[in-house]
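Structure file data23.cif (mmCIF, C-alpha atoms) follows.
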```cif
data_coords
loop_
_atom_site.label_atom_id
_atom_site.label_comp_id
_atom_site.auth_asym_id
_atom_site.auth_seq_id
_atom_site.Cartn_x
_atom_site.Cartn_y
_atom_site.Cartn_z
CA MET A 1 79.31 163.40 220.86
CA PHE A 2 75.90 161.97 220.30
CA ARG A 3 74.04 160.50 223.23
CA ARG A 4 72.74 157.02 222.72
CA LYS A 5 68.96 157.01 222.98
CA ASN A 6 67.42 154.73 225.55
CA LYS A 7 65.94 151.79 223.75
CA LYS A 8 62.38 150.83 224.56
CA PRO A 9 62.45 147.63 226.63
CA LYS A 10 61.14 144.52 224.88
CA LEU A 11 59.73 141.22 226.05
CA LYS A 12 62.43 138.68 226.83
CA ARG A 13 62.68 135.65 224.52
CA GLU A 14 63.28 132.78 226.96
CA LEU A 15 60.93 130.01 225.86
CA GLY A 16 62.03 127.01 223.81
CA ILE A 17 60.04 124.08 222.43
CA LEU A 18 59.89 122.39 225.87
CA GLU A 19 58.51 125.45 227.68
CA ALA A 20 56.04 126.31 224.90
CA THR A 21 54.75 122.73 224.75
CA PHE A 22 54.36 122.59 228.53
CA ALA A 23 52.49 125.92 228.42
CA GLY A 24 49.96 124.53 225.93
CA THR A 25 49.66 121.16 227.64
CA GLY A 26 49.28 122.83 231.04
CA ILE A 27 46.36 124.98 229.90
CA ILE A 28 44.65 122.11 228.05
CA LEU A 29 44.88 119.61 230.90
CA GLY A 30 43.80 122.27 233.37
CA ALA A 31 40.80 121.63 235.56
CA GLY A 32 38.32 120.58 232.86
CA ILE A 33 39.04 116.86 232.77
CA TYR A 34 38.61 116.55 236.55
CA ALA A 35 35.05 117.88 236.36
CA LEU A 36 33.76 116.99 232.87
CA ILE A 37 34.58 113.30 232.58
CA GLY A 38 31.66 112.13 234.74
CA GLU A 39 29.00 114.12 232.89
CA ALA A 40 30.48 113.09 229.53
CA ALA A 41 30.43 109.41 230.55
CA GLY A 42 26.70 109.69 231.29
CA ILE A 43 26.10 110.62 227.64
CA ALA A 44 28.65 108.42 225.84
CA GLY A 45 28.73 105.32 228.07
CA ASN A 46 31.82 103.11 227.84
CA SER A 47 32.55 104.66 224.42
CA LEU A 48 33.74 107.78 226.24
CA TRP A 49 37.21 107.35 224.73
CA ILE A 50 35.74 107.78 221.22
CA SER A 51 34.24 111.10 222.31
CA PHE A 52 37.70 112.26 223.35
CA LEU A 53 39.09 111.30 219.95
CA ILE A 54 36.33 113.22 218.15
CA ALA A 55 36.90 116.29 220.35
CA ALA A 56 40.66 116.02 219.72
CA LEU A 57 40.04 115.94 215.95
CA VAL A 58 37.94 119.11 216.16
CA ALA A 59 40.64 120.82 218.24
CA ALA A 60 43.35 119.69 215.81
CA LEU A 61 41.51 121.16 212.80
CA THR A 62 41.52 124.65 214.30
CA GLY A 63 44.95 124.00 215.84
CA LEU A 64 46.36 123.49 212.35
CA SER A 65 45.01 126.86 211.25
CA TYR A 66 46.57 128.48 214.32
CA ALA A 67 49.86 126.75 213.56
CA GLU A 68 50.10 128.11 210.01
CA LEU A 69 48.95 131.61 210.97
CA SER A 70 51.36 131.79 213.91
CA SER A 71 54.23 130.81 211.63
CA MET A 72 53.28 133.66 209.28
CA TYR A 73 52.78 136.32 211.95
CA PRO A 74 54.61 135.42 215.21
CA LYS A 75 53.16 138.26 217.32
CA ASP A 76 51.81 138.30 220.88
CA SER A 77 48.57 139.87 219.62
CA GLY A 78 47.93 136.45 218.04
CA GLU A 79 44.40 136.20 216.68
CA ALA A 80 44.05 139.97 216.43
CA GLU A 81 47.06 140.08 214.10
CA TYR A 82 45.76 137.23 211.92
CA ALA A 83 42.27 138.75 211.65
CA GLU A 84 43.63 142.20 210.82
CA LYS A 85 45.70 140.73 207.97
CA ALA A 86 42.84 138.54 206.70
CA TYR A 87 39.87 140.86 207.23
CA ASN A 88 40.47 144.35 208.60
CA LYS A 89 41.54 146.23 211.73
CA ARG A 90 37.99 146.28 213.11
CA ILE A 91 37.64 142.49 213.06
CA GLY A 92 41.15 142.17 214.46
CA PHE A 93 40.22 144.32 217.44
CA LEU A 94 36.93 142.46 217.89
CA LEU A 95 38.76 139.15 218.14
CA ALA A 96 41.15 140.63 220.70
CA TRP A 97 38.15 141.97 222.63
CA LEU A 98 36.49 138.53 222.68
CA ILE A 99 39.70 136.78 223.73
CA ILE A 100 40.51 139.23 226.52
CA PHE A 101 36.95 138.87 227.84
CA GLU A 102 37.27 135.09 227.59
CA GLY A 103 40.58 135.21 229.43
CA VAL A 104 39.58 137.29 232.46
CA VAL A 105 36.27 135.43 232.91
CA SER A 106 37.96 132.04 232.56
CA ALA A 107 40.64 133.06 235.06
CA ALA A 108 37.92 134.11 237.52
CA ALA A 109 35.92 130.89 237.01
CA VAL A 110 38.93 128.60 237.47
CA ALA A 111 40.13 130.68 240.44
CA LEU A 112 36.76 130.03 242.11
CA GLY A 113 37.47 126.33 241.56
CA PHE A 114 40.86 126.81 243.22
CA GLY A 115 39.11 128.60 246.09
CA GLY A 116 36.78 125.65 246.58
CA TYR A 117 39.56 123.07 246.72
CA PHE A 118 41.73 125.31 248.92
CA ALA A 119 38.89 126.02 251.35
CA GLY A 120 38.17 122.29 251.59
CA LEU A 121 41.77 121.37 252.32
CA ILE A 122 42.19 123.91 255.13
CA SER A 123 38.65 123.58 256.54
CA SER A 124 39.95 121.65 259.57
CA TYR A 125 42.05 124.64 260.57
CA VAL A 126 40.25 127.76 259.37
CA SER A 127 37.08 128.73 257.50
CA LEU A 128 37.89 130.58 254.29
CA PRO A 129 35.23 131.90 251.84
CA ILE A 130 35.66 130.48 248.33
CA VAL A 131 35.71 133.98 246.81
CA MET A 132 38.56 134.98 249.13
CA GLY A 133 40.51 131.91 248.05
CA ALA A 134 39.91 132.90 244.41
CA ILE A 135 41.18 136.44 245.02
CA ILE A 136 44.30 135.12 246.75
CA CYS A 137 44.92 132.85 243.75
CA ILE A 138 44.50 135.67 241.21
CA VAL A 139 46.74 138.10 243.12
CA LEU A 140 49.45 135.52 243.80
CA PHE A 141 49.73 134.34 240.21
CA SER A 142 49.41 137.84 238.79
CA PHE A 143 52.52 138.68 240.80
CA LEU A 144 54.30 135.63 239.35
CA ASN A 145 53.11 136.75 235.90
CA PHE A 146 54.67 140.17 236.53
CA TRP A 147 57.88 138.73 237.98
CA GLY A 148 58.90 137.01 234.77
CA ILE A 149 57.99 134.65 231.95
CA LYS A 150 60.84 132.31 232.93
CA GLU A 151 59.55 131.94 236.49
CA SER A 152 55.97 131.52 235.26
CA SER A 153 57.17 128.87 232.83
CA GLN A 154 59.02 126.99 235.58
CA PHE A 155 55.90 126.87 237.77
CA ASN A 156 53.89 125.77 234.74
CA ILE A 157 56.27 122.88 234.03
CA VAL A 158 56.14 121.64 237.64
CA SER A 159 52.34 121.97 237.83
CA THR A 160 51.82 120.31 234.44
CA LEU A 161 53.94 117.36 235.57
CA ILE A 162 51.83 117.11 238.75
CA GLU A 163 48.43 117.33 237.01
CA GLY A 164 49.65 115.07 234.22
CA GLY A 165 50.95 112.72 236.93
CA GLY A 166 47.44 112.54 238.37
CA LEU A 167 46.07 111.42 235.01
CA ILE A 168 48.92 108.92 234.58
CA LEU A 169 48.15 107.59 238.07
CA ILE A 170 44.52 106.97 237.05
CA THR A 171 45.76 105.16 233.93
CA ILE A 172 48.17 102.96 235.91
CA LEU A 173 45.45 102.10 238.44
CA GLY A 174 43.19 101.04 235.59
CA ILE A 175 45.64 98.73 233.79
CA SER A 176 44.64 95.65 235.80
CA TYR A 177 40.97 96.47 235.11
CA PHE A 178 41.35 96.79 231.33
CA GLY A 179 38.95 94.48 229.50
CA ASN A 180 36.31 94.59 232.25
CA VAL A 181 33.76 96.39 230.04
CA ASP A 182 32.69 96.65 226.42
CA TYR A 183 34.49 99.78 225.21
CA PHE A 184 32.08 100.19 222.31
CA GLU A 185 28.95 100.24 224.47
CA MET A 186 27.12 103.51 223.80
CA ALA A 187 24.61 104.74 226.39
CA TYR A 188 22.57 106.68 223.81
CA GLY A 189 23.97 105.49 220.51
CA PHE A 190 26.50 107.29 218.35
CA SER A 191 24.59 110.59 218.70
CA GLY A 192 25.31 110.38 222.43
CA VAL A 193 29.01 109.90 221.71
CA VAL A 194 28.98 113.01 219.49
CA SER A 195 27.06 115.02 222.12
CA SER A 196 29.63 113.92 224.69
CA ALA A 197 32.40 115.08 222.33
CA ALA A 198 30.82 118.57 222.18
CA LEU A 199 30.96 118.71 225.97
CA ILE A 200 34.48 117.27 226.17
CA PHE A 201 35.76 119.81 223.65
CA PHE A 202 36.02 122.30 226.51
CA ALA A 203 38.69 120.08 228.08
CA PHE A 204 40.85 120.81 225.00
CA ILE A 205 40.39 124.58 224.93
CA GLY A 206 43.61 126.41 225.72
CA PHE A 207 45.90 125.14 222.94
CA GLU A 208 45.38 128.43 221.07
CA ALA A 209 46.80 130.47 223.96
CA ILE A 210 50.37 129.47 223.04
CA VAL A 211 50.40 131.90 220.09
CA LYS A 212 50.29 134.79 222.56
CA LEU A 213 53.76 133.80 223.79
CA SER A 214 55.32 134.32 220.36
CA GLU A 215 57.35 137.38 221.32
CA GLU A 216 58.82 135.55 224.32
CA THR A 217 59.68 132.40 222.35
CA LYS A 218 62.96 131.78 220.55
CA ASN A 219 62.46 131.20 216.81
CA ALA A 220 58.68 131.50 217.35
CA ALA A 221 57.75 130.95 213.69
CA LYS A 222 58.97 127.35 213.94
CA ILE A 223 58.54 126.53 217.63
CA ILE A 224 54.96 127.76 218.22
CA PRO A 225 53.33 125.60 215.47
CA ARG A 226 55.17 122.50 216.75
CA ALA A 227 54.22 123.26 220.36
CA LEU A 228 50.56 123.59 219.31
CA MET A 229 50.50 120.15 217.72
CA TYR A 230 52.55 118.49 220.45
CA SER A 231 50.31 119.83 223.24
CA ILE A 232 47.12 118.63 221.53
CA GLY A 233 48.71 115.22 220.85
CA ILE A 234 49.99 114.73 224.42
CA SER A 235 46.66 115.78 225.92
CA THR A 236 44.72 113.46 223.61
CA VAL A 237 46.78 110.40 224.56
CA LEU A 238 46.37 111.15 228.29
CA TYR A 239 42.63 111.82 227.97
CA VAL A 240 41.90 108.63 226.01
CA LEU A 241 43.87 106.47 228.46
CA VAL A 242 42.14 108.09 231.45
CA ALA A 243 38.73 107.56 229.84
CA ILE A 244 39.42 103.86 229.27
CA ALA A 245 40.83 103.40 232.78
CA SER A 246 37.94 105.24 234.45
CA VAL A 247 35.13 103.24 232.83
CA SER A 248 37.13 100.05 233.42
CA ILE A 249 37.33 100.70 237.17
CA LEU A 250 33.91 102.22 237.91
CA GLY A 251 31.79 101.61 234.83
CA TRP A 252 30.12 104.52 233.07
CA GLU A 253 26.99 104.58 235.29
CA ALA A 254 28.95 105.07 238.54
CA LEU A 255 31.29 107.53 236.84
CA ALA A 256 28.34 109.59 235.64
CA ALA A 257 26.74 109.62 239.10
CA SER A 258 29.88 110.94 240.82
CA SER A 259 30.39 114.60 241.79
CA ALA A 260 34.15 113.99 241.99
CA PRO A 261 34.65 111.35 239.27
CA LEU A 262 38.43 110.97 239.16
CA ALA A 263 38.68 111.10 242.94
CA ASP A 264 36.13 108.27 243.10
CA VAL A 265 38.11 106.30 240.51
CA ALA A 266 41.27 106.62 242.62
CA ALA A 267 39.39 105.89 245.85
CA ALA A 268 37.93 102.69 244.38
CA VAL A 269 41.48 101.32 244.16
CA LEU A 270 43.47 103.19 246.83
CA GLY A 271 40.84 103.94 249.46
CA SER A 272 39.44 107.18 250.89
CA LYS A 273 42.85 108.87 251.29
CA ALA A 274 42.95 109.17 247.51
CA PHE A 275 40.47 112.05 247.79
CA ILE A 276 43.11 114.19 249.49
CA LEU A 277 45.70 113.26 246.88
CA LEU A 278 43.39 114.15 243.98
CA ALA A 279 42.33 117.38 245.73
CA VAL A 280 45.96 118.49 245.98
CA ILE A 281 46.52 117.62 242.31
CA ALA A 282 43.37 119.56 241.37
CA LEU A 283 44.72 122.51 243.38
CA PHE A 284 47.88 122.59 241.27
CA SER A 285 45.80 122.06 238.15
CA THR A 286 43.51 125.03 238.78
CA ALA A 287 46.39 127.26 239.93
CA ASN A 288 48.39 126.46 236.81
CA THR A 289 45.41 127.16 234.56
CA VAL A 290 44.81 130.54 236.24
CA LEU A 291 48.48 131.46 235.83
CA MET A 292 48.71 130.57 232.15
CA ILE A 293 45.40 132.26 231.31
CA LEU A 294 46.59 135.44 233.04
CA VAL A 295 49.95 135.24 231.24
CA THR A 296 48.47 134.82 227.76
CA THR A 297 45.61 137.31 228.25
CA ALA A 298 48.02 140.00 229.44
CA ARG A 299 50.16 139.37 226.32
CA MET A 300 47.11 139.78 224.09
CA LEU A 301 46.28 143.08 225.82
CA TYR A 302 49.92 144.13 225.48
CA GLY A 303 49.85 143.31 221.75
CA ILE A 304 46.61 145.18 221.02
CA GLY A 305 47.64 148.13 223.22
CA GLY A 306 50.40 149.07 220.81
CA LYS A 307 47.88 149.61 218.01
CA PHE A 308 45.81 152.34 219.69
CA LYS A 309 47.04 155.63 221.23
CA LYS A 310 44.32 155.68 223.89
CA ILE A 311 45.39 152.34 225.40
CA LYS A 312 49.09 152.50 224.49
CA ILE A 313 49.90 152.27 228.19
CA MET A 314 48.91 148.59 228.01
CA SER A 315 51.95 147.95 225.78
CA THR A 316 54.33 149.31 228.43
CA ILE A 317 57.14 146.93 229.42
CA HIS A 318 58.67 146.97 232.93
CA LYS A 319 62.34 147.92 232.52
CA LYS A 320 63.66 145.43 235.08
CA ARG A 321 61.23 142.49 234.87
CA ARG A 322 60.68 142.80 231.07
CA THR A 323 56.99 141.94 231.41
CA PRO A 324 53.85 143.96 230.42
CA HIS A 325 53.13 145.03 234.01
CA ILE A 326 50.25 147.44 233.26
CA ALA A 327 48.42 144.78 231.22
CA VAL A 328 49.11 142.24 233.98
CA ALA A 329 47.62 144.55 236.65
CA PHE A 330 44.57 145.33 234.51
CA CYS A 331 43.82 141.63 233.90
CA MET A 332 44.24 140.95 237.63
CA LEU A 333 41.75 143.64 238.66
CA VAL A 334 39.09 142.63 236.11
CA ALA A 335 39.48 138.92 236.99
CA ILE A 336 39.05 139.78 240.69
CA ALA A 337 35.89 141.76 239.86
CA PHE A 338 34.37 138.75 238.06
CA ALA A 339 35.45 136.39 240.86
CA CYS A 340 33.62 138.59 243.39
CA ILE A 341 30.37 137.93 241.53
CA GLY A 342 30.71 134.34 242.73
CA ASP A 343 28.28 132.55 240.41
CA ILE A 344 29.25 133.50 236.85
CA LYS A 345 27.66 130.55 235.04
CA ILE A 346 25.82 132.57 232.38
CA VAL A 347 28.90 134.80 231.89
CA ALA A 348 31.01 131.67 231.41
CA GLU A 349 28.54 130.41 228.79
CA VAL A 350 28.84 133.70 226.91
CA THR A 351 32.60 133.09 227.08
CA ASN A 352 32.09 129.75 225.32
CA PHE A 353 30.18 131.64 222.62
CA ALA A 354 33.20 133.94 222.23
CA ILE A 355 35.57 130.97 221.95
CA PHE A 356 33.66 129.29 219.11
CA ALA A 357 33.14 132.60 217.29
CA THR A 358 36.91 133.10 217.49
CA PHE A 359 37.65 129.64 216.10
CA ILE A 360 35.28 130.17 213.16
CA LEU A 361 36.98 133.46 212.27
CA ILE A 362 40.47 131.95 212.62
CA ASN A 363 39.72 129.10 210.21
CA GLY A 364 38.18 131.68 207.86
CA ALA A 365 41.32 133.81 208.18
CA LEU A 366 43.48 130.93 206.94
CA LEU A 367 41.26 130.48 203.86
CA SER A 368 41.28 134.22 203.20
CA LEU A 369 45.07 134.55 203.46
CA ARG A 370 45.63 131.47 201.30
CA ARG A 371 43.72 133.30 198.55
CA ARG A 372 44.91 136.86 199.18
CA ALA A 373 48.55 136.29 200.19
CA PRO A 374 49.69 133.08 198.44
CA LYS A 375 53.36 134.18 198.40
CA GLN A 376 53.54 134.99 202.12
CA LYS A 377 56.27 132.95 203.84
CA ARG A 378 54.79 130.00 205.77
CA PRO A 379 57.32 127.97 207.83
CA PHE A 380 54.39 125.67 208.66
CA LYS A 381 51.69 124.90 206.11
CA VAL A 382 48.46 122.98 206.69
CA PRO A 383 48.23 120.02 204.23
CA PHE A 384 45.33 118.90 202.00
CA SER A 385 44.54 121.88 199.78
CA VAL A 386 42.94 122.28 196.37
CA GLY A 387 44.59 125.42 195.03
CA TRP A 388 44.16 128.05 197.74
CA PHE A 389 41.19 126.18 199.28
CA ASN A 390 42.32 124.36 202.42
CA VAL A 391 40.08 121.42 203.35
CA PRO A 392 40.93 121.12 207.11
CA ALA A 393 40.21 124.84 207.66
CA PHE A 394 36.84 124.56 205.89
CA VAL A 395 35.89 121.46 207.87
CA GLY A 396 37.02 123.32 211.00
CA ILE A 397 34.50 126.09 210.22
CA LEU A 398 31.69 123.56 209.76
CA VAL A 399 32.29 121.55 212.94
CA THR A 400 32.95 124.62 215.09
CA THR A 401 29.73 126.23 213.85
CA GLY A 402 27.92 123.01 214.76
CA LEU A 403 29.39 123.09 218.28
CA LEU A 404 28.49 126.77 218.64
CA LEU A 405 24.85 126.05 217.79
CA TYR A 406 24.79 122.94 220.00
CA VAL A 407 26.28 124.32 223.21
CA SER A 408 24.71 127.78 223.06
CA ARG A 409 21.03 126.91 223.15
CA ASP A 410 20.12 129.35 225.95
CA TRP A 411 18.67 132.56 224.42
CA ARG A 412 20.52 134.56 227.09
CA VAL A 413 23.82 133.33 225.65
CA TYR A 414 22.99 134.75 222.21
CA ILE A 415 21.82 138.04 223.71
CA GLY A 416 24.94 138.22 225.89
CA GLY A 417 27.13 137.34 222.91
CA GLY A 418 25.43 140.01 220.81
CA ILE A 419 25.94 142.64 223.53
CA LEU A 420 29.59 141.61 223.89
CA ILE A 421 30.18 141.97 220.13
CA PHE A 422 28.36 145.32 219.98
CA ALA A 423 30.38 146.63 222.94
CA GLY A 424 33.60 145.53 221.22
CA LEU A 425 32.73 147.27 217.95
CA LEU A 426 31.70 150.43 219.84
CA THR A 427 34.97 150.42 221.78
CA PHE A 428 36.91 150.04 218.53
CA SER A 429 35.14 153.08 217.06
CA VAL A 430 36.03 155.17 220.11
CA LEU A 431 39.67 154.06 220.08
CA GLU A 432 40.03 154.48 216.31
CA ASN A 433 38.70 158.05 216.50
CA LYS A 434 41.35 158.81 219.11
CA ASN A 435 43.99 157.44 216.73
CA LYS A 436 43.13 160.01 214.03
#
```
Could you render the structure as structure tokens?
Amino acid sequence: MFRRKNKKPKLKRELGILEATFAGTGIILGAGIYALIGEAAGIAGNSLWISFLIAALVAALTGLSYAELSSMYPKDSGEAEYAEKAYNKRIGFLLAWLIIFEGVVSAAAVALGFGGYFAGLISSYVSLPIVMGAIICIVLFSFLNFWGIKESSQFNIVSTLIEGGGLILITILGISYFGNVDYFEMAYGFSGVVSSAALIFFAFIGFEAIVKLSEETKNAAKIIPRALMYSIGISTVLYVLVAIASVSILGWEALAASSAPLADVAAAVLGSKAFILLAVIALFSTANTVLMILVTTARMLYGIGGKFKKIKIMSTIHKKRRTPHIAVAFCMLVAIAFACIGDIKIVAEVTNFAIFATFILINGALLSLRRRAPKQKRPFKVPFSVGWFNVPAFVGILVTTGLLLYVSRDWRVYIGGGILIFAGLLTFSVLENKNK
């Protein structure tokens, strides 16, 4: 008799269109809107809603490229897989390097936000350092990440409903105020509206993370592209309505002057107790963002780990929980290390550099694969092409390059970005030598 060989455990496919859409929407809504809307209003004026539409258009252009590429290669390594097919293995690893860096730094930054809200809510009972609150957040949601994708998805759905509910509440409060202001009033002309859109774009970042759940999604080639588009669409509608409601209630000047803009909007109608309500909502929002960033970053590390012998351990799957537990633990430890720094502003700006560089390469990958692999099966295909040349992808490259040059004007960001890229290429060379 022959003994049956033990099969290597695989990730569990448990996500459908609902869970995948909630994952994308949960990351997009995140904490950004609660902090950015005031500063953006100070640049755009009452035309803030137009800025959200422009930012949504930019996100949708790259989102379309992600949708087609994810339908062609439904792998958890996501961008790394697309870049390897379009360019080469070196660029594929570099993209993975940038995204993993972006993930752990973003998780640390948002966890510090969680720590701030959490410390404020319990300040009447105990004094807790913000960094300690951030570490608690990272450890707690890393454990949930390890425990299972289904459980992580369930928490994500509940939290997304709560944070989305906060935005819907702002919209409802503003209905009776609609028409109070001129919604085409621009504080600094149309250039101010565009500048505001560049800032607001960060409130949309996160849609691309869904592709890293491909190996845990049923029929990923069809579901992931739809979830990408749905999540951007849902977020856009909520953002535009909140923008209109906020300027209607407070006016753009008061909104811009506020350090807690949406809390002030709610307080203007409901009274001071609204601060507590919005703080609790923000707590769920930041916690959910940390969880989903940790989930998707660990999946990227899992995906890239299988390509190199030296880091193959990162592709290990826990036999019982069916999650990449080594990758989860690694992401947790690195995120904690960044959180302990406390003020990571310049590191976060380098992260923004990495995000835009990634988007440029992804749009370029679509153009390259349209030319080099025209017969490759594409369950989802981006419209508006002339032969192999896809217009939305090309426009996506142009506008993303513009945003990269606009938001990264600090010379330290370019130096940091250059060091990050060099370190990634050096690491690839070391790992590739070990593969031979």
Worksheet item: Counting all atoms listed in the file, which of A:Val430, A:Leu11, A:Ala86, A:Ile149 gets nearest to Ile317 in chain A?
Response: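 Distance minimum relative to Ile317 in chain A lands on A:Leu11.
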Worksheet entry | the PyMOL selection byres ((chain A and resi 330-344) around 10) resolved against shown file, as a PyMOL selection string | chain A and resi 100-101+103-112+130-143+145+290+293-295+297-298+301+314+325-329+345-350
Resulting file, chosen residues, C-alpha atoms, as a short mmCIF file (atom, residue, chain, number, x, y, z; two decimals), keeping the file's coordinate frame:
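Generated output (again20.cif):
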```
data_model
loop_
_atom_site.label_atom_id
_atom_site.label_comp_id
_atom_site.auth_asym_id
_atom_site.auth_seq_id
_atom_site.Cartn_x
_atom_site.Cartn_y
_atom_site.Cartn_z
CA ILE A 100 40.51 139.23 226.52
CA PHE A 101 36.95 138.87 227.84
CA GLY A 103 40.58 135.21 229.43
CA VAL A 104 39.58 137.29 232.46
CA VAL A 105 36.27 135.43 232.91
CA SER A 106 37.96 132.04 232.56
CA ALA A 107 40.64 133.06 235.06
CA ALA A 108 37.92 134.11 237.52
CA ALA A 109 35.92 130.89 237.01
CA VAL A 110 38.93 128.60 237.47
CA ALA A 111 40.13 130.68 240.44
CA LEU A 112 36.76 130.03 242.11
CA ILE A 130 35.66 130.48 248.33
CA VAL A 131 35.71 133.98 246.81
CA MET A 132 38.56 134.98 249.13
CA GLY A 133 40.51 131.91 248.05
CA ALA A 134 39.91 132.90 244.41
CA ILE A 135 41.18 136.44 245.02
CA ILE A 136 44.30 135.12 246.75
CA CYS A 137 44.92 132.85 243.75
CA ILE A 138 44.50 135.67 241.21
CA VAL A 139 46.74 138.10 243.12
CA LEU A 140 49.45 135.52 243.80
CA PHE A 141 49.73 134.34 240.21
CA SER A 142 49.41 137.84 238.79
CA PHE A 143 52.52 138.68 240.80
CA ASN A 145 53.11 136.75 235.90
CA VAL A 290 44.81 130.54 236.24
CA ILE A 293 45.40 132.26 231.31
CA LEU A 294 46.59 135.44 233.04
CA VAL A 295 49.95 135.24 231.24
CA THR A 297 45.61 137.31 228.25
CA ALA A 298 48.02 140.00 229.44
CA LEU A 301 46.28 143.08 225.82
CA MET A 314 48.91 148.59 228.01
CA HIS A 325 53.13 145.03 234.01
CA ILE A 326 50.25 147.44 233.26
CA ALA A 327 48.42 144.78 231.22
CA VAL A 328 49.11 142.24 233.98
CA ALA A 329 47.62 144.55 236.65
CA LYS A 345 27.66 130.55 235.04
CA ILE A 346 25.82 132.57 232.38
CA VAL A 347 28.90 134.80 231.89
CA ALA A 348 31.01 131.67 231.41
CA GLU A 349 28.54 130.41 228.79
CA VAL A 350 28.84 133.70 226.91
#
```
Resolved residues for the PyMOL selection byres ((chain A and resi 309) around 12) as a PDB file with C-alpha atoms, in the frame of the given file:
```pdb
ATOM      1  CA  ILE A 304      46.610 145.180 221.020  1.00  0.00           C
ATOM      2  CA  GLY A 305      47.640 148.130 223.220  1.00  0.00           C
ATOM      3  CA  GLY A 306      50.400 149.070 220.810  1.00  0.00           C
ATOM      4  CA  LYS A 307      47.880 149.610 218.010  1.00  0.00           C
ATOM      5  CA  PHE A 308      45.810 152.340 219.690  1.00  0.00           C
ATOM      6  CA  LYS A 310      44.320 155.680 223.890  1.00  0.00           C
ATOM      7  CA  ILE A 311      45.390 152.340 225.400  1.00  0.00           C
ATOM      8  CA  LYS A 312      49.090 152.500 224.490  1.00  0.00           C
ATOM      9  CA  ILE A 313      49.900 152.270 228.190  1.00  0.00           C
ATOM     10  CA  MET A 314      48.910 148.590 228.010  1.00  0.00           C
ATOM     11  CA  SER A 315      51.950 147.950 225.780  1.00  0.00           C
ATOM     12  CA  PHE A 428      36.910 150.040 218.530  1.00  0.00           C
ATOM     13  CA  VAL A 430      36.030 155.170 220.110  1.00  0.00           C
ATOM     14  CA  LEU A 431      39.670 154.060 220.080  1.00  0.00           C
ATOM     15  CA  GLU A 432      40.030 154.480 216.310  1.00  0.00           C
ATOM     16  CA  ASN A 433      38.700 158.050 216.500  1.00  0.00           C
ATOM     17  CA  LYS A 434      41.350 158.810 219.110  1.00  0.00           C
ATOM     18  CA  ASN A 435      43.990 157.440 216.730  1.00  0.00           C
ATOM     19  CA  LYS A 436      43.130 160.010 214.030  1.00  0.00           C
TER      20      LYS A 436
END
```
Hey, can I get the axis-aligned box for range 284-293 of chain A? All listed atoms, 5 Å padding on each side, centre and edge lengths in Å to one decimal, as lines of an AutoDock Vina configuration file.
```
center_x = 46.1
center_y = 127.2
center_z = 236.3
size_x = 15.2
size_y = 20.2
size_z = 20.0
```
Worksheet entry | Shell around range 221-237 of chain A at 7 Å using all atoms listed in the file, local window under 6 positions removed, as a ChimeraX atom specification | /A:17,20-21,24-25,28-29,56,60,63,67-68,70-72,74,207,210-211,214,379-380
Response to the item:
Here CA of Tyr87 in chain A and CA of Val399 in chain A stand apart by 21.5 Å
Worksheet item: Out of A:Ile99, A:Pro129, A:Met186, A:Gly148, which residue has the shortest atom-to-atom distance to Arg322 in chain A when counting all atoms listed in the file?
Response: A:Gly148
Worksheet item: For this file, the PyMOL selection byres ((chain A and resi 52) around 9) selects which residues, as a ChimeraX atom specification?
Response: /A:48-51,53-57,196-197,200-201,236,239-240,243
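Between CA of Ala44 in chain A and CA of Leu238 in chain A the separation is 18.1 Å.
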Fill in: One-decimal distance in Å that lies between CA of Gly303 in chain A and CA of Ile355 in chain A
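So the answer is 18.9 Å.
Across A:Gly206, A:Gly113, A:Gly387, A:Gly16, the tightest approach to Tyr66 in chain A is made by A:Gly206 when counting only C-alpha atoms.
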Worksheet item: In terms of the shortest atom-to-atom distance over all atoms listed in the file, which of A:Glu84, A:Glu163, A:Glu19, A:Glu253 is closest to Ile33 in chain A?
Response: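 Once distances to Ile33 in chain A are computed over all atoms listed in the file, the minimum belongs to A:Glu163.
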